[in-house]
Amino acid sequence: MKLGVFSVLFSGKSFEEMLDHAKASGLQAVEIGTGGYPGNAHCDVDNLLASEEKRKEYLEKVHSRGLKISAFSCHGNPISPDKQFATDSHDAFVKTVKLAELMDVPVVNTFSGTPGDHEEAKYPNWPVTPWPGEYSDILKWQWEEKLIPYWKEQGQFAKNHGIKVGLELHAGFLVHTPHTMLKLREATCDAIGANLDPSHLWWQGIDPVAAIKILGKENAIHHFHAKDTYIDQENVNMYGLTDMQPYGDVQTRAWSFRSVGYGHGIQEWSNIISALRTYGYDYVVSIEHEDPIMSIDEGFSKAVANLKSVLIEEKPADMWWA
């Protein structure tokens, strides 16, 4: 496995400064935002699509530092009832897939999306309980009329271009659990897989190691984000896990995103890395930082140190003892 970073963390740095920082930190890969929520601070997609020479120059800057691009990421909501945002998200995805093919980047990360509750809705609607029955009716309509048709077409589009799609299992979007991931994959194609982030699993009550086993057996893990979550049980008792307080209200929130090792111990992260290797994922572990009580530099450096202590980098040896 290789250690990388989701470069939007360093959007305040120039492209070259970001790459230099990644190299100096001992990383081997960068994941780069190309639009949508992550923005495109380090990647002018239209510019690169238009010029082979600029693509070569761009990749040379990456490769000359001993780095690789693990994924392009354009997280958005392509089935949003906000027509303009849906169009922008879709266009960013299509362009990113085309660019990924041209630049030999194997994975494009994004969200599955969430539509409204009917054709004229103004805002996304994320049902989380089967009763009263109208919630189940909404969810059925969303999957059958919006989610599956969109990803059946776009999954095949990505596959035709030799690209794997990493859908981040993120609450608020229809694909947010191993079950919903595999349900959509079965209804579309095997280009659709997960960008697995343990931080979004822990607060839903999902064991990341178990999720890795479930998805790994189906070869459905296409990319991996390294971010932690701290769960404050006293606050859970008050607010529940679907806590709507702002992320900055750390003292009262039921859970908060943390840098790797500050929500769960190194043993648990060791178990995660071992499960990834055991169940077939031998690609990049990409650090994402959204820790509300650490600076970017400190949170990032702590994540690097903790992950380096557990990352399995070399191929396994022959079982010489057996």
# chains A, B, ... in the order shown; residues from 1 in each chain; ligands from 1
>>> residues_around(residues="range 113-129 of chain A", least_positions_apart="5", cutoff="8 Å", atoms="only C-alpha atoms", output="list of chain:residue names")
A:Gly76, A:Asn77, A:Pro78, A:Ile79, A:Ser80, A:Pro81, A:Asp82, A:Tyr135, A:Ser136, A:Ile138, A:Leu139, A:Trp141, A:Gln142, A:Lys146, A:Leu147, A:Gly172, A:Phe173, A:Leu174, A:Val175
>>> closest_atom_pairs(of="range 99-206 of chain A", to="range 26-36 of chain A", cutoff="10 Å", atoms="only C-alpha atoms", output="Markdown table")
| residue | atom | partner | partner_atom | distance |
| --- | --- | --- | --- | --- |
| A:Leu99 | CA | A:Thr34 | CA | 9.7 |
| A:Val105 | CA | A:Glu31 | CA | 9.8 |
| A:Val107 | CA | A:Glu31 | CA | 9.6 |
| A:Val108 | CA | A:Thr34 | CA | 9.5 |
| A:Asn109 | CA | A:Gly33 | CA | 9.1 |
| A:Thr110 | CA | A:Gly36 | CA | 8.7 |
| A:Phe111 | CA | A:Gly36 | CA | 9.9 |
>>> residues_around(residues="range 38-44 of chain A", least_positions_apart="3", cutoff="12 Å", atoms="only C-alpha atoms", output="VMD selection string")
chain A and resid 6 to 19 30 to 35 47 to 51 54 to 55 58 to 59 61 to 62 69 72 to 76 88 to 89 92 95 to 96 99 to 100 109 to 111 288
>>> select_by_dssp(residues="range 5-245 of chain A", states="helix (DSSP H, G or I)", output="PyMOL selection string")
chain A and resi 7-10+15-24+45-50+52-63+83-102+133-160+178-187+198-202+208-216+233-239
>>> select_by_dssp(residues="range 164-249 of chain A", states="strand (DSSP E)", output="list in words")
Lys164, Val165, Gly166, Leu167, Glu168, Ile192, Gly193, Ala194, Asn195, Leu196, Ile221, His222, His223, Phe224, His225, Ala226, Asp228, Thr229, Tyr230 and Ile231 of chain A
>>> write_last_selection(atoms="N, CA and C atoms", output="JSON list (two decimals), in the first residue's frame")
[["chain", "number", "residue", "atom", "x", "y", "z"],
["A", 164, "LYS", "N", -12.65, 3.45, -12.80],
["A", 164, "LYS", "CA", -13.47, 2.97, -11.69],
["A", 164, "LYS", "C", -14.03, 4.16, -10.93],
["A", 165, "VAL", "N", -15.28, 4.06, -10.51],
["A", 165, "VAL", "CA", -15.95, 5.13, -9.76],
["A", 165, "VAL", "C", -15.95, 4.77, -8.28],
["A", 166, "GLY", "N", -15.37, 5.64, -7.46],
["A", 166, "GLY", "CA", -15.38, 5.44, -6.01],
["A", 166, "GLY", "C", -16.45, 6.30, -5.37],
["A", 167, "LEU", "N", -17.58, 5.70, -5.03],
["A", 167, "LEU", "CA", -18.65, 6.45, -4.35],
["A", 167, "LEU", "C", -18.37, 6.45, -2.86],
["A", 168, "GLU", "N", -18.26, 7.64, -2.30],
["A", 168, "GLU", "CA", -18.00, 7.75, -0.86],
["A", 168, "GLU", "C", -19.27, 7.44, -0.08],
["A", 192, "ILE", "N", -18.73, 0.60, -10.63],
["A", 192, "ILE", "CA", -19.22, 1.28, -9.44],
["A", 192, "ILE", "C", -18.70, 0.56, -8.20],
["A", 193, "GLY", "N", -17.99, 1.29, -7.35],
["A", 193, "GLY", "CA", -17.46, 0.72, -6.11],
["A", 193, "GLY", "C", -17.39, 1.80, -5.05],
["A", 194, "ALA", "N", -16.66, 1.51, -3.98],
["A", 194, "ALA", "CA", -16.62, 2.42, -2.84],
["A", 194, "ALA", "C", -15.32, 3.20, -2.75],
["A", 195, "ASN", "N", -15.44, 4.47, -2.38],
["A", 195, "ASN", "CA", -14.34, 5.21, -1.78],
["A", 195, "ASN", "C", -14.60, 5.13, -0.28],
["A", 196, "LEU", "N", -13.97, 4.18, 0.37],
["A", 196, "LEU", "CA", -14.34, 3.83, 1.75],
["A", 196, "LEU", "C", -13.65, 4.74, 2.75],
["A", 221, "ILE", "N", -13.99, -2.22, -3.33],
["A", 221, "ILE", "CA", -13.31, -1.08, -2.73],
["A", 221, "ILE", "C", -12.36, -0.51, -3.77],
["A", 222, "HIS", "N", -12.66, 0.68, -4.27],
["A", 222, "HIS", "CA", -11.84, 1.28, -5.32],
["A", 222, "HIS", "C", -10.87, 2.32, -4.80],
["A", 223, "HIS", "N", -11.12, 2.85, -3.63],
["A", 223, "HIS", "CA", -10.23, 3.88, -3.06],
["A", 223, "HIS", "C", -10.52, 3.93, -1.56],
["A", 224, "PHE", "N", -9.60, 4.54, -0.80],
["A", 224, "PHE", "CA", -9.75, 4.54, 0.66],
["A", 224, "PHE", "C", -9.32, 5.89, 1.24],
["A", 225, "HIS", "N", -10.20, 6.48, 2.06],
["A", 225, "HIS", "CA", -9.90, 7.71, 2.78],
["A", 225, "HIS", "C", -9.56, 7.39, 4.23],
["A", 226, "ALA", "N", -8.53, 8.03, 4.76],
["A", 226, "ALA", "CA", -8.14, 7.83, 6.16],
["A", 226, "ALA", "C", -8.55, 9.04, 6.99],
["A", 228, "ASP", "N", -10.72, 9.79, 10.97],
["A", 228, "ASP", "CA", -11.22, 9.16, 12.18],
["A", 228, "ASP", "C", -12.47, 9.89, 12.69],
["A", 229, "THR", "N", -13.15, 9.26, 13.63],
["A", 229, "THR", "CA", -14.32, 9.86, 14.29],
["A", 229, "THR", "C", -14.28, 9.55, 15.79],
["A", 230, "TYR", "N", -14.50, 10.57, 16.59],
["A", 230, "TYR", "CA", -14.65, 10.38, 18.03],
["A", 230, "TYR", "C", -16.13, 10.44, 18.37],
["A", 231, "ILE", "N", -16.61, 9.44, 19.09],
["A", 231, "ILE", "CA", -18.00, 9.38, 19.52],
["A", 231, "ILE", "C", -18.08, 9.66, 21.01]]
>>> atom_distance(atom1="CA of Lys213 in chain A", atom2="CA of Ala275 in chain A")
6.9 Å
>>> closest_residue(among="A:Trp321, A:His21, A:Lys83, A:Gln245", to="Phe300 in chain A", atoms="only C-alpha atoms")
A:His21
>>> closest_residue(among="A:Ser295, A:Trp203, A:Glu268, A:Lys56", to="Gly240 in chain A", atoms="only C-alpha atoms")
A:Trp203
>>> residues_around(residues="range 246-256 of chain A", least_positions_apart="6", cutoff="10 Å", atoms="only C-alpha atoms", output="PDB file with N, CA and C atoms, in the first residue's frame")
ATOM      1  N   SER A 199     -14.508   7.076   8.825  1.00  0.00           N
ATOM      2  CA  SER A 199     -15.109   8.096   9.684  1.00  0.00           C
ATOM      3  C   SER A 199     -16.618   8.168   9.509  1.00  0.00           C
ATOM      4  N   TRP A 202     -18.185   4.755  11.333  1.00  0.00           N
ATOM      5  CA  TRP A 202     -18.214   4.652  12.799  1.00  0.00           C
ATOM      6  C   TRP A 202     -19.445   5.294  13.400  1.00  0.00           C
ATOM      7  N   TRP A 203     -19.768   6.526  12.948  1.00  0.00           N
ATOM      8  CA  TRP A 203     -20.889   7.200  13.614  1.00  0.00           C
ATOM      9  C   TRP A 203     -22.241   6.629  13.206  1.00  0.00           C
ATOM     10  N   ASP A 228     -10.723   9.793  10.966  1.00  0.00           N
ATOM     11  CA  ASP A 228     -11.220   9.161  12.185  1.00  0.00           C
ATOM     12  C   ASP A 228     -12.470   9.893  12.688  1.00  0.00           C
ATOM     13  N   THR A 229     -13.151   9.260  13.634  1.00  0.00           N
ATOM     14  CA  THR A 229     -14.322   9.857  14.290  1.00  0.00           C
ATOM     15  C   THR A 229     -14.284   9.549  15.785  1.00  0.00           C
ATOM     16  N   TYR A 230     -14.504  10.573  16.585  1.00  0.00           N
ATOM     17  CA  TYR A 230     -14.646  10.381  18.025  1.00  0.00           C
ATOM     18  C   TYR A 230     -16.130  10.436  18.372  1.00  0.00           C
ATOM     19  N   ILE A 231     -16.610   9.437  19.092  1.00  0.00           N
ATOM     20  CA  ILE A 231     -18.004   9.383  19.515  1.00  0.00           C
ATOM     21  C   ILE A 231     -18.082   9.655  21.014  1.00  0.00           C
ATOM     22  N   ASP A 232     -18.811  10.693  21.388  1.00  0.00           N
ATOM     23  CA  ASP A 232     -18.985  11.078  22.785  1.00  0.00           C
ATOM     24  C   ASP A 232     -20.326  10.513  23.270  1.00  0.00           C
ATOM     25  N   GLN A 233     -20.277   9.419  24.005  1.00  0.00           N
ATOM     26  CA  GLN A 233     -21.500   8.708  24.354  1.00  0.00           C
ATOM     27  C   GLN A 233     -22.444   9.554  25.201  1.00  0.00           C
ATOM     28  N   GLU A 234     -21.908  10.408  26.070  1.00  0.00           N
ATOM     29  CA  GLU A 234     -22.789  11.267  26.865  1.00  0.00           C
ATOM     30  C   GLU A 234     -23.602  12.186  25.958  1.00  0.00           C
ATOM     31  N   ASN A 235     -22.965  12.711  24.931  1.00  0.00           N
ATOM     32  CA  ASN A 235     -23.681  13.578  23.991  1.00  0.00           C
ATOM     33  C   ASN A 235     -24.595  12.789  23.071  1.00  0.00           C
ATOM     34  N   VAL A 236     -24.225  11.549  22.773  1.00  0.00           N
ATOM     35  CA  VAL A 236     -25.123  10.681  21.997  1.00  0.00           C
ATOM     36  C   VAL A 236     -26.425  10.487  22.769  1.00  0.00           C
ATOM     37  N   ASN A 237     -26.323  10.321  24.086  1.00  0.00           N
ATOM     38  CA  ASN A 237     -27.515  10.120  24.907  1.00  0.00           C
ATOM     39  C   ASN A 237     -28.466  11.306  24.829  1.00  0.00           C
ATOM     40  N   MET A 238     -27.916  12.480  24.595  1.00  0.00           N
ATOM     41  CA  MET A 238     -28.731  13.679  24.494  1.00  0.00           C
ATOM     42  C   MET A 238     -29.224  13.917  23.061  1.00  0.00           C
ATOM     43  N   TYR A 239     -28.328  13.826  22.095  1.00  0.00           N
ATOM     44  CA  TYR A 239     -28.643  14.269  20.738  1.00  0.00           C
ATOM     45  C   TYR A 239     -28.819  13.141  19.727  1.00  0.00           C
ATOM     46  N   GLY A 240     -28.432  11.922  20.081  1.00  0.00           N
ATOM     47  CA  GLY A 240     -28.508  10.834  19.107  1.00  0.00           C
ATOM     48  C   GLY A 240     -27.408  10.954  18.069  1.00  0.00           C
ATOM     49  N   GLY A 263      -9.607   9.287  17.346  1.00  0.00           N
ATOM     50  CA  GLY A 263     -10.963   8.837  17.610  1.00  0.00           C
ATOM     51  C   GLY A 263     -10.947   7.373  18.000  1.00  0.00           C
ATOM     52  N   GLU A 290     -10.375  16.700   8.670  1.00  0.00           N
ATOM     53  CA  GLU A 290     -11.487  17.588   9.004  1.00  0.00           C
ATOM     54  C   GLU A 290     -11.623  17.675  10.521  1.00  0.00           C
ATOM     55  N   ASP A 291     -10.494  17.721  11.212  1.00  0.00           N
ATOM     56  CA  ASP A 291     -10.467  17.713  12.672  1.00  0.00           C
ATOM     57  C   ASP A 291     -10.735  19.127  13.197  1.00  0.00           C
ATOM     58  N   PRO A 292     -11.790  19.307  14.027  1.00  0.00           N
ATOM     59  CA  PRO A 292     -12.157  20.656  14.463  1.00  0.00           C
ATOM     60  C   PRO A 292     -11.281  21.229  15.571  1.00  0.00           C
ATOM     61  N   ILE A 293     -10.426  20.412  16.187  1.00  0.00           N
ATOM     62  CA  ILE A 293      -9.609  20.933  17.292  1.00  0.00           C
ATOM     63  C   ILE A 293      -8.112  20.851  16.998  1.00  0.00           C
TER      64      ILE A 293
END
>>> decode(residues="range 204-249 of chain A", atoms="C-alpha atoms", output="CSV table (one decimal), in the first residue's frame")
chain,number,residue,atom,x,y,z
A,204,GLN,CA,-23.5,5.1,11.8
A,205,GLY,CA,-22.6,2.2,14.1
A,206,ILE,CA,-20.8,0.3,11.3
A,207,ASP,CA,-17.5,-1.5,12.1
A,208,PRO,CA,-15.1,-0.5,9.3
A,209,VAL,CA,-13.3,-3.8,9.5
A,210,ALA,CA,-16.5,-5.7,8.9
A,211,ALA,CA,-17.4,-3.2,6.1
A,212,ILE,CA,-14.0,-3.9,4.4
A,213,LYS,CA,-14.7,-7.7,4.6
A,214,ILE,CA,-18.2,-7.2,3.1
A,215,LEU,CA,-17.0,-5.0,0.2
A,216,GLY,CA,-13.6,-6.6,-0.3
A,217,LYS,CA,-15.1,-10.0,-1.0
A,218,GLU,CA,-17.0,-8.3,-3.9
A,219,ASN,CA,-13.9,-6.5,-5.1
A,220,ALA,CA,-15.9,-3.3,-4.5
A,221,ILE,CA,-13.3,-1.1,-2.7
A,222,HIS,CA,-11.8,1.3,-5.3
A,223,HIS,CA,-10.2,3.9,-3.1
A,224,PHE,CA,-9.8,4.5,0.7
A,225,HIS,CA,-9.9,7.7,2.8
A,226,ALA,CA,-8.1,7.8,6.2
A,227,LYS,CA,-10.1,9.9,8.6
A,228,ASP,CA,-11.2,9.2,12.2
A,229,THR,CA,-14.3,9.9,14.3
A,230,TYR,CA,-14.6,10.4,18.0
A,231,ILE,CA,-18.0,9.4,19.5
A,232,ASP,CA,-19.0,11.1,22.8
A,233,GLN,CA,-21.5,8.7,24.4
A,234,GLU,CA,-22.8,11.3,26.9
A,235,ASN,CA,-23.7,13.6,24.0
A,236,VAL,CA,-25.1,10.7,22.0
A,237,ASN,CA,-27.5,10.1,24.9
A,238,MET,CA,-28.7,13.7,24.5
A,239,TYR,CA,-28.6,14.3,20.7
A,240,GLY,CA,-28.5,10.8,19.1
A,241,LEU,CA,-26.2,9.9,16.3
A,242,THR,CA,-28.1,12.0,13.7
A,243,ASP,CA,-26.9,15.1,15.5
A,244,MET,CA,-27.6,18.3,13.6
A,245,GLN,CA,-25.4,20.6,15.6
A,246,PRO,CA,-22.7,22.5,13.7
A,247,TYR,CA,-19.4,20.6,13.5
A,248,GLY,CA,-17.8,23.4,15.5
A,249,ASP,CA,-19.9,22.6,18.6
